[in-house]
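Below is the file target18.pdb, which contains PDB, C-alpha atoms.
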ATOM      1  CA  MET Q1089      12.492  25.666 -14.365  1.00  0.00           C
ATOM      2  CA  ASP Q1090      15.318  24.213 -16.456  1.00  0.00           C
ATOM      3  CA  GLY Q1091      14.214  22.589 -19.719  1.00  0.00           C
ATOM      4  CA  SER Q1092      11.161  20.427 -20.030  1.00  0.00           C
ATOM      5  CA  ILE Q1093       9.287  19.074 -17.051  1.00  0.00           C
ATOM      6  CA  LEU Q1094      10.386  15.495 -17.779  1.00  0.00           C
ATOM      7  CA  PHE Q1095      14.080  16.329 -17.713  1.00  0.00           C
ATOM      8  CA  TYR Q1096      13.671  18.581 -14.704  1.00  0.00           C
ATOM      9  CA  TRP Q1097      12.143  15.813 -12.569  1.00  0.00           C
ATOM     10  CA  PHE Q1098      13.972  12.864 -14.176  1.00  0.00           C
ATOM     11  CA  PRO Q1099      16.298  12.136 -11.207  1.00  0.00           C
ATOM     12  CA  PHE Q1100      13.233  11.405  -9.048  1.00  0.00           C
ATOM     13  CA  PHE Q1101      11.717   9.151 -11.708  1.00  0.00           C
ATOM     14  CA  GLY Q1102      15.184   7.606 -12.006  1.00  0.00           C
ATOM     15  CA  LEU Q1103      15.035   6.540  -8.359  1.00  0.00           C
ATOM     16  CA  GLY Q1104      11.764   4.765  -9.092  1.00  0.00           C
ATOM     17  CA  LEU Q1105      13.364   3.051 -12.080  1.00  0.00           C
ATOM     18  CA  ILE Q1106      16.277   1.908  -9.924  1.00  0.00           C
ATOM     19  CA  ILE Q1107      13.895   0.375  -7.361  1.00  0.00           C
ATOM     20  CA  PHE Q1108      11.900  -1.281 -10.166  1.00  0.00           C
ATOM     21  CA  ARG Q1109      15.038  -2.757 -11.729  1.00  0.00           C
ATOM     22  CA  TYR Q1110      16.224  -3.955  -8.340  1.00  0.00           C
ATOM     23  CA  LYS Q1111      12.949  -5.709  -7.526  1.00  0.00           C
ATOM     24  CA  CYS Q1112      11.713  -6.955 -10.899  1.00  0.00           C
ATOM     25  CA  LEU Q1113      14.809  -7.298 -13.037  1.00  0.00           C
ATOM     26  CA  ARG Q1114      17.093  -8.538 -10.270  1.00  0.00           C
ATOM     27  CA  LEU Q1115      19.614  -5.726 -10.248  1.00  0.00           C
ATOM     28  CA  ASP Q1116      22.362  -6.728  -7.808  1.00  0.00           C
ATOM     29  CA  PHE Q1117      22.555  -4.892  -4.473  1.00  0.00           C
ATOM     30  CA  TYR Q1118      25.893  -3.154  -5.112  1.00  0.00           C
ATOM     31  CA  THR Q1119      24.789  -1.774  -8.473  1.00  0.00           C
ATOM     32  CA  PHE Q1120      21.542  -0.657  -6.854  1.00  0.00           C
ATOM     33  CA  CYS Q1121      23.488   1.197  -4.126  1.00  0.00           C
ATOM     34  CA  LEU Q1122      25.886   2.771  -6.625  1.00  0.00           C
ATOM     35  CA  LEU Q1123      23.092   4.016  -8.913  1.00  0.00           C
ATOM     36  CA  ALA Q1124      21.097   5.334  -5.941  1.00  0.00           C
ATOM     37  CA  LEU Q1125      24.179   7.115  -4.542  1.00  0.00           C
ATOM     38  CA  ILE Q1126      24.951   8.766  -7.892  1.00  0.00           C
ATOM     39  CA  THR Q1127      21.325   9.877  -8.177  1.00  0.00           C
ATOM     40  CA  PHE Q1128      21.328  11.203  -4.593  1.00  0.00           C
ATOM     41  CA  ILE Q1129      24.473  13.235  -5.277  1.00  0.00           C
ATOM     42  CA  PHE Q1130      22.913  14.677  -8.429  1.00  0.00           C
ATOM     43  CA  ILE Q1131      19.692  15.534  -6.564  1.00  0.00           C
ATOM     44  CA  PHE Q1132      21.648  17.241  -3.788  1.00  0.00           C
ATOM     45  CA  MET Q1133      23.713  19.291  -6.252  1.00  0.00           C
ATOM     46  CA  LYS Q1134      20.752  20.327  -8.405  1.00  0.00           C
ATOM     47  CA  TYR Q1135      17.854  20.615  -5.921  1.00  0.00           C
ATOM     48  CA  GLY Q1136      19.368  20.892  -2.430  1.00  0.00           C
ATOM     49  CA  THR Q1137      18.938  19.257   0.938  1.00  0.00           C
ATOM     50  CA  PRO Q1138      15.117  19.144   1.295  1.00  0.00           C
ATOM     51  CA  HIS Q1139      14.683  17.235  -1.972  1.00  0.00           C
ATOM     52  CA  LEU Q1140      17.562  14.942  -1.066  1.00  0.00           C
ATOM     53  CA  LEU Q1141      16.035  14.097   2.316  1.00  0.00           C
ATOM     54  CA  ILE Q1142      12.641  13.332   0.791  1.00  0.00           C
ATOM     55  CA  SER Q1143      14.322  11.154  -1.851  1.00  0.00           C
ATOM     56  CA  ILE Q1144      16.347   9.224   0.728  1.00  0.00           C
ATOM     57  CA  LEU Q1145      13.290   8.674   2.930  1.00  0.00           C
ATOM     58  CA  SER Q1146      11.242   7.491  -0.050  1.00  0.00           C
ATOM     59  CA  ILE Q1147      13.885   5.030  -1.210  1.00  0.00           C
ATOM     60  CA  ALA Q1148      14.461   3.792   2.361  1.00  0.00           C
ATOM     61  CA  PHE Q1149      10.713   3.214   2.767  1.00  0.00           C
ATOM     62  CA  LEU Q1150      10.434   1.348  -0.543  1.00  0.00           C
ATOM     63  CA  TYR Q1151      13.604  -0.680  -0.010  1.00  0.00           C
ATOM     64  CA  THR Q1152      12.531  -1.680   3.511  1.00  0.00           C
ATOM     65  CA  ASN Q1153       9.172  -2.810   2.151  1.00  0.00           C
ATOM     66  CA  LEU Q1154      10.844  -4.847  -0.608  1.00  0.00           C
ATOM     67  CA  TYR Q1155      13.592  -6.324   1.559  1.00  0.00           C
ATOM     68  CA  PHE Q1156      11.391  -7.391   4.443  1.00  0.00           C
ATOM     69  CA  ASN Q1157       8.379  -8.090   2.208  1.00  0.00           C
ATOM     70  CA  LEU Q1158       6.188  -6.089   4.547  1.00  0.00           C
ATOM     71  CA  ASN Q1159       2.459  -6.082   4.151  1.00  0.00           C
ATOM     72  CA  LEU Q1160       1.790  -2.366   4.410  1.00  0.00           C
ATOM     73  CA  GLN Q1161      -1.917  -2.528   4.946  1.00  0.00           C
ATOM     74  CA  SER Q1162      -1.914  -0.147   7.874  1.00  0.00           C
ATOM     75  CA  ASN Q1163      -4.750   2.319   8.066  1.00  0.00           C
ATOM     76  CA  LEU Q1164      -2.456   5.267   7.263  1.00  0.00           C
ATOM     77  CA  VAL Q1165      -0.897   3.657   4.190  1.00  0.00           C
ATOM     78  CA  VAL Q1166      -4.295   2.586   2.834  1.00  0.00           C
ATOM     79  CA  LYS Q1167      -5.664   6.122   3.289  1.00  0.00           C
ATOM     80  CA  LEU Q1168      -2.626   7.640   1.563  1.00  0.00           C
ATOM     81  CA  GLY Q1169      -3.118   5.172  -1.285  1.00  0.00           C
ATOM     82  CA  LYS Q1170      -6.749   6.217  -1.665  1.00  0.00           C
ATOM     83  CA  ILE Q1171      -5.882   9.906  -1.958  1.00  0.00           C
ATOM     84  CA  SER Q1172      -2.889   9.369  -4.260  1.00  0.00           C
ATOM     85  CA  TYR Q1173      -4.753  10.487  -7.396  1.00  0.00           C
ATOM     86  CA  PRO Q1174      -6.014  13.715  -5.789  1.00  0.00           C
ATOM     87  CA  VAL Q1175      -2.440  14.310  -4.535  1.00  0.00           C
ATOM     88  CA  TYR Q1176      -1.245  13.961  -8.131  1.00  0.00           C
ATOM     89  CA  LEU Q1177      -3.902  16.427  -9.318  1.00  0.00           C
ATOM     90  CA  VAL Q1178      -3.445  19.163  -6.717  1.00  0.00           C
ATOM     91  CA  HIS Q1179       0.196  19.067  -5.655  1.00  0.00           C
ATOM     92  CA  LEU Q1180       1.674  21.219  -8.407  1.00  0.00           C
ATOM     93  CA  ALA Q1181      -0.901  24.012  -8.071  1.00  0.00           C
ATOM     94  CA  ILE Q1182      -0.550  24.117  -4.292  1.00  0.00           C
ATOM     95  CA  ILE Q1183       3.244  24.078  -4.436  1.00  0.00           C
ATOM     96  CA  GLN Q1184       3.278  26.963  -6.915  1.00  0.00           C
ATOM     97  CA  ILE Q1185       0.819  28.973  -4.819  1.00  0.00           C
ATOM     98  CA  PHE Q1186       2.807  28.394  -1.626  1.00  0.00           C
ATOM     99  CA  PHE Q1187       6.181  29.262  -3.071  1.00  0.00           C
ATOM    100  CA  TYR Q1188       4.757  32.390  -4.743  1.00  0.00           C
ATOM    101  CA  PHE Q1189       2.937  33.431  -1.566  1.00  0.00           C
ATOM    102  CA  PHE Q1190       5.925  32.813   0.693  1.00  0.00           C
ATOM    103  CA  LYS Q1191       8.358  34.636  -1.618  1.00  0.00           C
ATOM    104  CA  PHE Q1192       5.994  37.497  -2.455  1.00  0.00           C
ATOM    105  CA  ASN Q1193       5.144  38.203   1.174  1.00  0.00           C
ATOM    106  CA  GLY Q1194       8.633  37.476   2.493  1.00  0.00           C
ATOM    107  CA  ILE Q1195       7.308  34.943   4.980  1.00  0.00           C
ATOM    108  CA  GLY Q1196      10.265  32.971   6.201  1.00  0.00           C
ATOM    109  CA  ASN Q1197      13.163  32.004   4.042  1.00  0.00           C
ATOM    110  CA  SER Q1198      13.013  28.442   5.260  1.00  0.00           C
ATOM    111  CA  GLU Q1199      12.475  25.859   2.548  1.00  0.00           C
ATOM    112  CA  TYR Q1200      11.632  23.377   5.298  1.00  0.00           C
ATOM    113  CA  LEU Q1201       8.733  25.534   6.516  1.00  0.00           C
ATOM    114  CA  THR Q1202       7.460  25.994   2.979  1.00  0.00           C
ATOM    115  CA  ILE Q1203       7.770  22.311   2.066  1.00  0.00           C
ATOM    116  CA  GLY Q1204       6.193  21.181   5.340  1.00  0.00           C
ATOM    117  CA  SER Q1205       3.291  23.582   4.846  1.00  0.00           C
ATOM    118  CA  CYS Q1206       2.882  22.398   1.257  1.00  0.00           C
ATOM    119  CA  ILE Q1207       2.780  18.740   2.257  1.00  0.00           C
ATOM    120  CA  LEU Q1208       0.143  19.323   4.918  1.00  0.00           C
ATOM    121  CA  THR Q1209      -1.962  21.475   2.573  1.00  0.00           C
ATOM    122  CA  VAL Q1210      -1.678  18.969  -0.290  1.00  0.00           C
ATOM    123  CA  LEU Q1211      -2.759  16.153   2.025  1.00  0.00           C
ATOM    124  CA  PHE Q1212      -5.664  18.205   3.373  1.00  0.00           C
ATOM    125  CA  PHE Q1213      -7.026  19.171  -0.049  1.00  0.00           C
ATOM    126  CA  SER Q1214      -6.422  15.688  -1.456  1.00  0.00           C
ATOM    127  CA  PHE Q1215      -8.358  14.137   1.418  1.00  0.00           C
ATOM    128  CA  LEU Q1216     -11.122  16.704   0.908  1.00  0.00           C
ATOM    129  CA  PHE Q1217     -11.318  16.157  -2.862  1.00  0.00           C
ATOM    130  CA  TYR Q1218     -11.305  12.403  -2.411  1.00  0.00           C
ATOM    131  CA  HIS Q1219     -14.306  12.541  -0.089  1.00  0.00           C
ATOM    132  CA  ILE Q1220     -16.190  15.178  -2.103  1.00  0.00           C
ATOM    133  CA  PHE Q1221     -15.557  13.975  -5.666  1.00  0.00           C
ATOM    134  CA  GLU Q1222     -13.617  10.787  -6.219  1.00  0.00           C
ATOM    135  CA  LYS Q1223     -15.347   8.583  -3.683  1.00  0.00           C
ATOM    136  CA  TYR Q1224     -18.734   9.252  -5.282  1.00  0.00           C
ATOM    137  CA  SER Q1225     -17.515   9.169  -8.867  1.00  0.00           C
ATOM    138  CA  LYS Q1226     -16.289   5.605  -8.350  1.00  0.00           C
ATOM    139  CA  LYS Q1227     -19.825   4.516  -7.466  1.00  0.00           C
TER     140      LYS Q1227
END

Represent the structure from my file as C-alpha coordinates, please.
Amino acid sequence: MDGSILFYWFPFFGLGLIIFRYKCLRLDFYTFCLLALITFIFIFMKYGTPHLLISILSIAFLYTNLYFNLNLQSNLVVKLGKISYPVYLVHLAIIQIFFYFFKFNGIGNSEYLTIGSCILTVLFFSFLFYHIFEKYSKK
(Lines of atoms letter the chains of each structure in order from A and count residues from 1; the text may use other names and numbers.)
(Lines give C-alpha, C1' and ligand atoms only; values in the text may rest on other atoms or scores of the structure.)
Protein backbone atom coordinates (compact mmCIF):
# COMPACT_ATOMS: atom_id res chain seq x y z
CA MET A 1 0.00 0.00 0.00
CA ASP A 2 1.27 3.48 -0.86
CA GLY A 3 1.79 5.77 2.15
CA SER A 4 -0.58 5.96 5.05
CA ILE A 5 -4.04 4.46 4.98
CA LEU A 6 -5.71 7.89 4.98
CA PHE A 7 -3.89 9.07 1.87
CA TYR A 8 -4.34 5.73 0.15
CA TRP A 9 -8.14 5.83 0.48
CA PHE A 10 -8.56 9.63 0.33
CA PRO A 11 -10.12 9.74 -3.18
CA PHE A 12 -13.04 7.65 -1.89
CA PHE A 13 -13.48 9.86 1.16
CA GLY A 14 -13.18 12.80 -1.24
CA LEU A 15 -16.25 11.59 -3.12
CA GLY A 16 -18.17 11.62 0.15
CA LEU A 17 -16.95 15.15 0.84
CA ILE A 18 -18.09 16.26 -2.61
CA ILE A 19 -21.59 14.86 -2.01
CA PHE A 20 -21.68 16.49 1.44
CA ARG A 21 -20.65 19.87 0.03
CA TYR A 22 -23.20 19.54 -2.75
CA LYS A 23 -26.07 18.76 -0.38
CA CYS A 24 -25.26 20.77 2.74
CA LEU A 25 -23.09 23.63 1.55
CA ARG A 26 -24.89 24.19 -1.74
CA LEU A 27 -22.07 23.43 -4.13
CA ASP A 28 -23.35 24.22 -7.63
CA PHE A 29 -24.08 21.30 -9.97
CA TYR A 30 -21.31 22.04 -12.49
CA THR A 31 -18.62 22.27 -9.81
CA PHE A 32 -19.98 19.06 -8.30
CA CYS A 33 -19.71 17.30 -11.69
CA LEU A 34 -16.22 18.65 -12.35
CA LEU A 35 -14.89 17.59 -8.93
CA ALA A 36 -16.51 14.16 -9.24
CA LEU A 37 -15.07 13.69 -12.75
CA ILE A 38 -11.56 14.63 -11.62
CA THR A 39 -11.86 12.23 -8.69
CA PHE A 40 -13.17 9.44 -10.96
CA ILE A 41 -10.23 9.91 -13.33
CA PHE A 42 -7.79 9.76 -10.42
CA ILE A 43 -9.47 6.62 -9.05
CA PHE A 44 -9.34 4.94 -12.45
CA MET A 45 -5.65 5.78 -12.92
CA LYS A 46 -4.60 4.71 -9.43
CA TYR A 47 -6.96 1.81 -8.59
CA GLY A 48 -8.42 0.56 -11.89
CA THR A 49 -11.82 -0.24 -13.30
CA PRO A 50 -13.44 -2.22 -10.44
CA HIS A 51 -12.89 0.60 -7.94
CA LEU A 52 -14.06 3.15 -10.48
CA LEU A 53 -17.30 1.26 -11.13
CA ILE A 54 -18.05 0.92 -7.42
CA SER A 55 -17.34 4.64 -6.95
CA ILE A 56 -19.60 5.65 -9.83
CA LEU A 57 -22.42 3.41 -8.60
CA SER A 58 -22.10 4.78 -5.07
CA ILE A 59 -22.18 8.40 -6.19
CA ALA A 60 -25.08 7.71 -8.59
CA PHE A 61 -27.03 6.07 -5.75
CA LEU A 62 -26.37 8.96 -3.35
CA TYR A 63 -27.02 11.66 -5.95
CA THR A 64 -30.29 10.02 -7.02
CA ASN A 65 -31.39 9.87 -3.39
CA LEU A 66 -30.52 13.55 -2.86
CA TYR A 67 -31.95 14.81 -6.14
CA PHE A 68 -35.26 13.00 -5.93
CA ASN A 69 -35.40 13.17 -2.12
CA LEU A 70 -36.22 9.49 -1.99
CA ASN A 71 -37.26 7.86 1.23
CA LEU A 72 -35.05 4.79 1.14
CA GLN A 73 -36.78 2.81 3.82
CA SER A 74 -36.95 -0.37 1.80
CA ASN A 75 -36.32 -3.59 3.64
CA LEU A 76 -32.96 -4.13 1.90
CA VAL A 77 -31.63 -0.65 2.66
CA VAL A 78 -32.71 -0.85 6.31
CA LYS A 79 -30.99 -4.25 6.69
CA LEU A 80 -27.80 -2.94 5.07
CA GLY A 81 -27.92 0.03 7.45
CA LYS A 82 -28.20 -2.29 10.45
CA ILE A 83 -25.14 -4.30 9.45
CA SER A 84 -23.04 -1.28 8.47
CA TYR A 85 -20.94 -1.35 11.66
CA PRO A 86 -20.13 -5.07 11.32
CA VAL A 87 -19.26 -4.39 7.65
CA TYR A 88 -16.84 -1.70 8.84
CA LEU A 89 -15.29 -4.12 11.35
CA VAL A 90 -14.85 -7.17 9.11
CA HIS A 91 -14.32 -5.87 5.59
CA LEU A 92 -10.58 -5.24 5.74
CA ALA A 93 -9.73 -8.63 7.25
CA ILE A 94 -11.89 -10.49 4.75
CA ILE A 95 -10.52 -8.53 1.80
CA GLN A 96 -6.94 -9.26 2.85
CA ILE A 97 -7.69 -12.96 3.34
CA PHE A 98 -9.41 -13.23 -0.05
CA PHE A 99 -6.73 -11.44 -2.01
CA TYR A 100 -3.99 -13.48 -0.29
CA PHE A 101 -5.88 -16.74 -0.83
CA PHE A 102 -6.69 -16.01 -4.46
CA LYS A 103 -3.13 -14.91 -5.29
CA PHE A 104 -1.42 -17.65 -3.27
CA ASN A 105 -3.49 -20.43 -4.80
CA GLY A 106 -3.61 -18.89 -8.28
CA ILE A 107 -7.40 -19.04 -8.35
CA GLY A 108 -8.52 -16.84 -11.18
CA ASN A 109 -6.84 -13.63 -12.12
CA SER A 110 -10.15 -11.83 -12.26
CA GLU A 111 -10.45 -8.88 -9.91
CA TYR A 112 -14.19 -8.96 -10.53
CA LEU A 113 -14.45 -12.53 -9.19
CA THR A 114 -12.36 -11.64 -6.16
CA ILE A 115 -14.25 -8.43 -5.41
CA GLY A 116 -17.64 -10.10 -5.92
CA SER A 117 -16.65 -12.95 -3.61
CA CYS A 118 -15.38 -10.46 -1.03
CA ILE A 119 -18.60 -8.46 -1.07
CA LEU A 120 -20.77 -11.53 -0.59
CA THR A 121 -18.52 -12.86 2.19
CA VAL A 122 -18.39 -9.48 3.96
CA LEU A 123 -22.18 -9.23 3.83
CA PHE A 124 -22.59 -12.79 5.11
CA PHE A 125 -20.25 -12.36 8.08
CA SER A 126 -21.60 -8.89 8.86
CA PHE A 127 -25.15 -10.23 8.92
CA LEU A 128 -23.99 -13.13 11.11
CA PHE A 129 -22.08 -10.89 13.54
CA TYR A 130 -24.99 -8.48 13.75
CA HIS A 131 -27.38 -11.24 14.77
CA ILE A 132 -24.93 -12.98 17.12
CA PHE A 133 -23.32 -9.98 18.86
CA GLU A 134 -24.54 -6.51 18.03
CA LYS A 135 -28.26 -7.11 18.21
CA TYR A 136 -27.97 -8.41 21.78
CA SER A 137 -25.36 -5.91 22.91
CA LYS A 138 -27.75 -3.07 22.08
CA LYS A 139 -30.29 -4.49 24.53

Exercise for review: Point out the residue among Q:Lys1111, Q:Lys1223, Q:Lys1134, Q:His1139 with the least atom-to-atom distance to Tyr1151 in chain Q, counting only C-alpha atoms.
Suggested key: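 Among Q:Lys1111, Q:Lys1223, Q:Lys1134, Q:His1139, it is Q:Lys1111 that comes nearest to Tyr1151 in chain Q.
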
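Between CA of Phe1101 in chain Q and CA of Leu1211 in chain Q there is a distance of 21.1 Å.
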
**Study point:** Residue nearest Ser1143 in chain Q among Q:Tyr1224, Q:Trp1097, Q:Tyr1173, Q:Leu1216 (counting all atoms listed in the file)
**Key:**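 Closest to Ser1143 in chain Q, using all atoms listed in the file: Q:Trp1097.
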
Revision key, fill the gap. Atom pair CA of Ile1147 in chain Q + CA of Gly1104 in chain Q, distance 8.2 Å

Check your understanding: Could you tell me, as a list in words, which residues have any atom at most 10 Å from (18.1, -0.7, -12.2), counting only C-alpha atoms?
Key ->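 Residues lying no farther than 10 Å from the given point: Gly1102, Leu1103, Gly1104, Leu1105, Ile1106, Ile1107, Phe1108, Arg1109, Tyr1110, Lys1111, Cys1112, Leu1113, Arg1114, Leu1115, Asp1116, Phe1117, Thr1119, Phe1120, Cys1121, Leu1123 and Ala1124 of chain Q.
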
Let's have the selection written as an mmCIF file, in the coordinates of the input, with C-alpha atoms.
data_model
loop_
_atom_site.group_PDB
_atom_site.id
_atom_site.type_symbol
_atom_site.label_atom_id
_atom_site.label_comp_id
_atom_site.auth_asym_id
_atom_site.auth_seq_id
_atom_site.Cartn_x
_atom_site.Cartn_y
_atom_site.Cartn_z
ATOM 1 C CA GLY Q 1102 15.184 7.606 -12.006
ATOM 2 C CA LEU Q 1103 15.035 6.540 -8.359
ATOM 3 C CA GLY Q 1104 11.764 4.765 -9.092
ATOM 4 C CA LEU Q 1105 13.364 3.051 -12.080
ATOM 5 C CA ILE Q 1106 16.277 1.908 -9.924
ATOM 6 C CA ILE Q 1107 13.895 0.375 -7.361
ATOM 7 C CA PHE Q 1108 11.900 -1.281 -10.166
ATOM 8 C CA ARG Q 1109 15.038 -2.757 -11.729
ATOM 9 C CA TYR Q 1110 16.224 -3.955 -8.340
ATOM 10 C CA LYS Q 1111 12.949 -5.709 -7.526
ATOM 11 C CA CYS Q 1112 11.713 -6.955 -10.899
ATOM 12 C CA LEU Q 1113 14.809 -7.298 -13.037
ATOM 13 C CA ARG Q 1114 17.093 -8.538 -10.270
ATOM 14 C CA LEU Q 1115 19.614 -5.726 -10.248
ATOM 15 C CA ASP Q 1116 22.362 -6.728 -7.808
ATOM 16 C CA PHE Q 1117 22.555 -4.892 -4.473
ATOM 17 C CA THR Q 1119 24.789 -1.774 -8.473
ATOM 18 C CA PHE Q 1120 21.542 -0.657 -6.854
ATOM 19 C CA CYS Q 1121 23.488 1.197 -4.126
ATOM 20 C CA LEU Q 1123 23.092 4.016 -8.913
ATOM 21 C CA ALA Q 1124 21.097 5.334 -5.941
#

Review point. In Å to one decimal, how far is CA of Pro1174 in chain Q from CA of Phe1215 in chain Q?
Key: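 Between these atoms lies a distance of 7.6 Å.
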